[in-house]
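S.K.: Sharing a structure here in structure tokens format.
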Amino acid sequence: MTSGTQPPQADPGDQWRPQRPWQQSAPEQQAPQTAAQPAPQEPASPAHPAGPAADGRHDVAMAAPQPQAAAQQPPAGQAAWWHPAAASDPWRDPGSRAVIETRPAPAATPLEPLPERPRRTARAGLGLVVAVSAVTALIAGVLGAAIGIWATRGDIGGTITGADPETQRDLTSVAGVVEQIMPSVVTVLTADGGNGSGFIVSDDGYLLTNHHVVVGGGTEPAEQLQVLFSDGSVTTANVIGSDPDSDVAVLQIEGGDHPAMVLADSDKVAVGDPVLAVGAPLGLSSTVTEGIVSAIDRPVLTENNNGEVESVMAAIQTDAAINPGNSGGPLTDIAGQVIGINTAIASTAAEGEAGNIGIGFAIPINQAKRIADEIIATGSAAHTVLGAELGESELGVGVTLATIVDGSPADDAGLEDGDLLTSFDGTRVTENTQLIALIRKLAPGTVVTVVYERDGEEHSAQVTLEAAAD
């Protein structure tokens with residue numbers, strides 16, 4: 001059975017019908033051949049489907065010398081090459097010329113064509129691939145969990161056992177570093193029922209934290225606070241002092257031989273350095289998060305409980321997760337050395353709903369250590385100044401020094417009212433908060449180079465910073 005339209009079939013005629021070698025056409029029978037001239041061979045037709053011969057053998061076209069006219073013809077129905085009186089017998093005479101030609105197998109009966117496959121309109125979308133992958137992963141996860149539960153139940157027979165976990169960790173790994181520093185990190189319990197974090201910086205029990213942690217929900221620092229260690233023990237810490245302008249506070253616990261953390265050089269921190277943030281976010285003590293330094297000298301303003309600007313700092317920015325409760329905890333390098341004190345986070349949420357969005361800030365430890373040393377020595381900290389009142393700044397242009405204070409570092413360096421300061425200590429400045437933060441980052445007595453414009457010309461000067469007068 002066939003389907004569809006078939007091409008027209010031509011009648012091949014007798015020229016395609018298989019000719020047996022002993023059958024000659026009429027002209028061949030009439031034209032005698034000489035012994036020296038073999039009979040012309042019948043052209044091969046390789047495209048013709050030859051079938052089996054009547055006697056059961058496949059057709060084989062024989063081209064052999066034709067018998068002379070005087071030769072006797074074989075009786076009807078008997079093959080020429082089997083006749084004993086044949087003049088030339090290629091099967092019996094080795095000297096006879098013969099060509100054996102096989103014909104192709106007969107063509108098979110045309111098969112009914114298969115129905116055409118439906119053509120896809122479009123490839124499967126990526127969403128389908130993702131969905132299948134997600135379902136596969138979910139099934140694999142559920143299966144894995146089921147196997148894990150089955151393998152760990154003790155009341156079920158079987159020989160499946162798990163490997164013992166590796167507990168000897170390299171001290172240079174994150175787990176090894178955390179194990180070393182965790183006894184030095186504390187949770188500071190505030191007077192209003194909240195918490196912050198802190199860390200030990202000396203063997204005699206001094207701790208660093210934030211000013212806003214020791215203030216809690218009030219406006220004045222507490223005199224004593226409870227601190228919780230990673231091993232669960234609790235002790236009382238005395239508040240030695242705090243500085244709202246830098247948001248640094250110092251506590252001290254009794255006793256000696258406390259495990260102090262190592263303080264690194266925050267001036268050598270580079271963007272991209274890996275960091276760890278340790279503390280008690282949302283009250284979850286001994287929490288560790290990992291990230292990188294995403295910016296340095298980021299100008300940050302923090303406010304007090306009354307909504308007033310309280311501190312300005314050139315902060316270390318990180319994407320390590322920092323949340324409420326992390327305040328006062330250490331930001332360390334990958335070796336566990338402190339590079340900053342976690343103090344603030346950027347947020348797009350309403351007040352009281354702030355949480356990590358990958359932008360947190362830490363006070364550089366060089367600045368915090370200087371402030372802490374002053375607090376321990378004198379009970380307060382000095383603030384570095386340039387000695388100029390700032391005017392309006394144009395973004396990307398510089399900071400206008402509106403008024404130079406007489407006898408100030410700026411006045412001594414030859415700066416004048418109206419000068420446009422464009423660079424401070426090698427950093428290009430573009431707005432007021434940035435300049436204030438860079439100045440407060442440095443200690444009094446530091447000599448810096450400033451670049452400024454006056455009357456369209458660029459100048460530079462050396463300025464020795466001083467502490468602000470009380």
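Residues in the structure tokens are numbered from 1 in each chain, the chains being A, B, ... in the order shown, and ligands are numbered from 1 in the order shown.
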Excluding stretch 319-328 of chain A and residues on its chain fewer than 4 positions from it, collect all residues at most 6 Å away from it, counting only C-alpha atoms, and give them as a ChimeraX atom specification.

M.R.: /A:195-198,209-210,279-282,289-291,341-343,355-356,358-360

S.K.: Would you mind exporting the chosen residues as a CSV table (one decimal), in the first residue's frame, restricted to C-alpha atoms?

M.R.:
```csv
chain,number,residue,atom,x,y,z
A,195,ASN,CA,23.2,44.3,72.9
A,196,GLY,CA,26.3,45.3,71.0
A,197,SER,CA,29.7,43.6,70.6
A,198,GLY,CA,33.3,44.2,71.7
A,209,THR,CA,33.4,48.9,71.5
A,210,ASN,CA,31.2,51.8,70.2
A,279,GLY,CA,30.0,39.8,66.9
A,280,ALA,CA,26.4,39.3,68.1
A,281,PRO,CA,24.0,40.5,65.3
A,282,LEU,CA,20.4,40.5,66.5
A,289,THR,CA,30.4,36.7,58.5
A,290,GLU,CA,32.8,36.9,55.6
A,291,GLY,CA,33.3,39.5,52.9
A,341,ILE,CA,35.5,48.4,64.6
A,342,ASN,CA,32.1,47.7,63.1
A,343,THR,CA,29.9,50.7,63.7
A,355,GLY,CA,19.3,45.3,58.3
A,356,ASN,CA,22.2,44.2,56.1
A,358,GLY,CA,25.8,44.5,51.9
A,359,ILE,CA,27.1,47.9,52.8
A,360,GLY,CA,28.6,48.2,56.3
```

S.K.: Report as JSON, numbers by chain: the residues of stretch 139-310 of chain A with a DSSP assignment of strand (DSSP E or B), based on the backbone of this structure.

M.R.: {"A": [185, 186, 187, 188, 189, 195, 196, 197, 198, 199, 200, 206, 207, 208, 209, 224, 225, 226, 227, 228, 229, 234, 235, 236, 237, 238, 239, 240, 241, 242, 243, 248, 249, 250, 251, 252, 253, 263, 274, 275, 276, 277, 278, 279, 287, 288, 289, 290, 291, 292, 293, 294, 295, 296, 297, 298, 299, 300, 301, 302, 303, 309, 310]}

S.K.: Neighbours of stretch 397-404 of chain A within 6 Å (only C-alpha atoms; same-chain residues fewer than 2 positions away dropped), as a list of chain:residue names?

M.R.: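 Contacts, in chain order: A:Ala388, A:Glu389, A:Leu390, A:Gly391, A:Ser393, A:Glu394, A:Leu395, A:Asp417, A:Gly418, A:Asp419, A:Leu420, A:Leu421, A:Thr422, A:Val429, A:Thr430, A:Glu431.
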
S.K.: Between A:Thr172, A:His212, A:Val186, A:Asp297, single out the one closest to A:Asp245, counting only C-alpha atoms.

M.R.: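 Once distances to A:Asp245 are computed over only C-alpha atoms, the minimum belongs to A:His212.
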
S.K.: Could you tell me, as a PyMOL selection string, which residues of stretch 149-301 of chain A DSSP assigns to helix (DSSP H, G or I) when given the backbone?

M.R.: chain A and resi 149-152+174-184+211-215+266-268+281-283

S.K.: Residues at most 9 Å from A:Val271, counting only C-alpha atoms, excluding those fewer than 5 positions away in the same chain, as a PDB file with N, CA, C and O atoms, in the first residue's frame?

M.R.:
```pdb
ATOM      1  N   ILE A 292      34.535  41.195  51.787  1.00  0.00           N
ATOM      2  CA  ILE A 292      35.750  41.875  51.345  1.00  0.00           C
ATOM      3  C   ILE A 292      35.668  43.348  51.727  1.00  0.00           C
ATOM      4  O   ILE A 292      34.600  43.860  52.086  1.00  0.00           O
ATOM      5  N   VAL A 293      36.793  44.029  51.639  1.00  0.00           N
ATOM      6  CA  VAL A 293      36.798  45.483  51.758  1.00  0.00           C
ATOM      7  C   VAL A 293      36.290  46.038  50.435  1.00  0.00           C
ATOM      8  O   VAL A 293      36.882  45.791  49.384  1.00  0.00           O
ATOM      9  N   SER A 294      35.180  46.757  50.471  1.00  0.00           N
ATOM     10  CA  SER A 294      34.600  47.260  49.226  1.00  0.00           C
ATOM     11  C   SER A 294      34.932  48.718  48.965  1.00  0.00           C
ATOM     12  O   SER A 294      34.719  49.212  47.850  1.00  0.00           O
ATOM     13  N   ALA A 295      35.447  49.429  49.976  1.00  0.00           N
ATOM     14  CA  ALA A 295      35.905  50.807  49.779  1.00  0.00           C
ATOM     15  C   ALA A 295      36.689  51.232  51.018  1.00  0.00           C
ATOM     16  O   ALA A 295      36.528  50.655  52.098  1.00  0.00           O
ATOM     17  N   ILE A 296      37.527  52.227  50.863  1.00  0.00           N
ATOM     18  CA  ILE A 296      38.259  52.785  52.006  1.00  0.00           C
ATOM     19  C   ILE A 296      38.059  54.295  52.021  1.00  0.00           C
ATOM     20  O   ILE A 296      37.736  54.911  50.991  1.00  0.00           O
ATOM     21  N   GLN A 317      34.671  50.421  54.251  1.00  0.00           N
ATOM     22  CA  GLN A 317      33.388  49.859  53.807  1.00  0.00           C
ATOM     23  C   GLN A 317      33.572  48.389  53.478  1.00  0.00           C
ATOM     24  O   GLN A 317      34.572  47.995  52.881  1.00  0.00           O
TER      25      GLN A 317
END
```

S.K.: Report the distance between atom CA of A:Ser347 and atom CA of A:Ala270 in Å, rounded to one decimal place.

M.R.: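 Atom-to-atom, atom CA of A:Ser347 and atom CA of A:Ala270 are spaced 24.0 Å apart.
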
S.K.: Just the residues within 9 Å of A:Ala410, please, counting only C-alpha atoms, with nothing from its chain fewer than 2 positions along; format it as a short mmCIF file (atom, residue, chain, number, x, y, z; two decimals) with N, CA and C atoms, in the first residue's frame.

M.R.:
```
data_model
loop_
_atom_site.label_atom_id
_atom_site.label_comp_id
_atom_site.auth_asym_id
_atom_site.auth_seq_id
_atom_site.Cartn_x
_atom_site.Cartn_y
_atom_site.Cartn_z
N LEU A 386 41.87 71.45 60.92
CA LEU A 386 42.66 72.18 59.93
C LEU A 386 42.68 73.66 60.26
N GLY A 387 41.57 74.16 60.81
CA GLY A 387 41.49 75.58 61.16
C GLY A 387 40.87 76.42 60.09
N ALA A 388 39.75 75.92 59.49
CA ALA A 388 39.07 76.72 58.47
C ALA A 388 37.58 76.41 58.51
N ILE A 404 39.45 81.41 57.06
CA ILE A 404 40.62 80.83 57.70
C ILE A 404 40.73 81.40 59.11
N VAL A 405 40.82 80.52 60.11
CA VAL A 405 40.92 80.93 61.50
C VAL A 405 42.33 81.43 61.77
N ASP A 406 42.41 82.59 62.42
CA ASP A 406 43.72 83.16 62.72
C ASP A 406 44.51 82.25 63.64
N GLY A 407 45.76 82.03 63.33
CA GLY A 407 46.66 81.23 64.14
C GLY A 407 46.44 79.74 64.02
N SER A 408 45.59 79.32 63.10
CA SER A 408 45.30 77.89 62.89
C SER A 408 46.34 77.26 61.97
N ASP A 412 48.77 79.21 59.29
CA ASP A 412 50.22 79.08 59.31
C ASP A 412 50.77 78.57 57.98
N ALA A 413 49.98 77.79 57.23
CA ALA A 413 50.42 77.24 55.93
C ALA A 413 50.24 78.23 54.80
N GLY A 414 49.65 79.42 55.09
CA GLY A 414 49.49 80.44 54.04
C GLY A 414 48.19 80.35 53.28
N LEU A 415 47.24 79.56 53.73
CA LEU A 415 45.94 79.48 53.05
C LEU A 415 45.14 80.74 53.35
N GLU A 416 44.30 81.15 52.39
CA GLU A 416 43.52 82.37 52.52
C GLU A 416 42.04 82.10 52.30
N VAL A 463 50.79 71.44 55.64
CA VAL A 463 50.01 71.83 56.80
C VAL A 463 50.27 70.86 57.93
N THR A 464 50.57 71.41 59.15
CA THR A 464 50.74 70.57 60.33
C THR A 464 49.45 70.65 61.14
N LEU A 465 48.72 69.52 61.19
CA LEU A 465 47.42 69.49 61.87
C LEU A 465 47.60 69.61 63.38
#
```
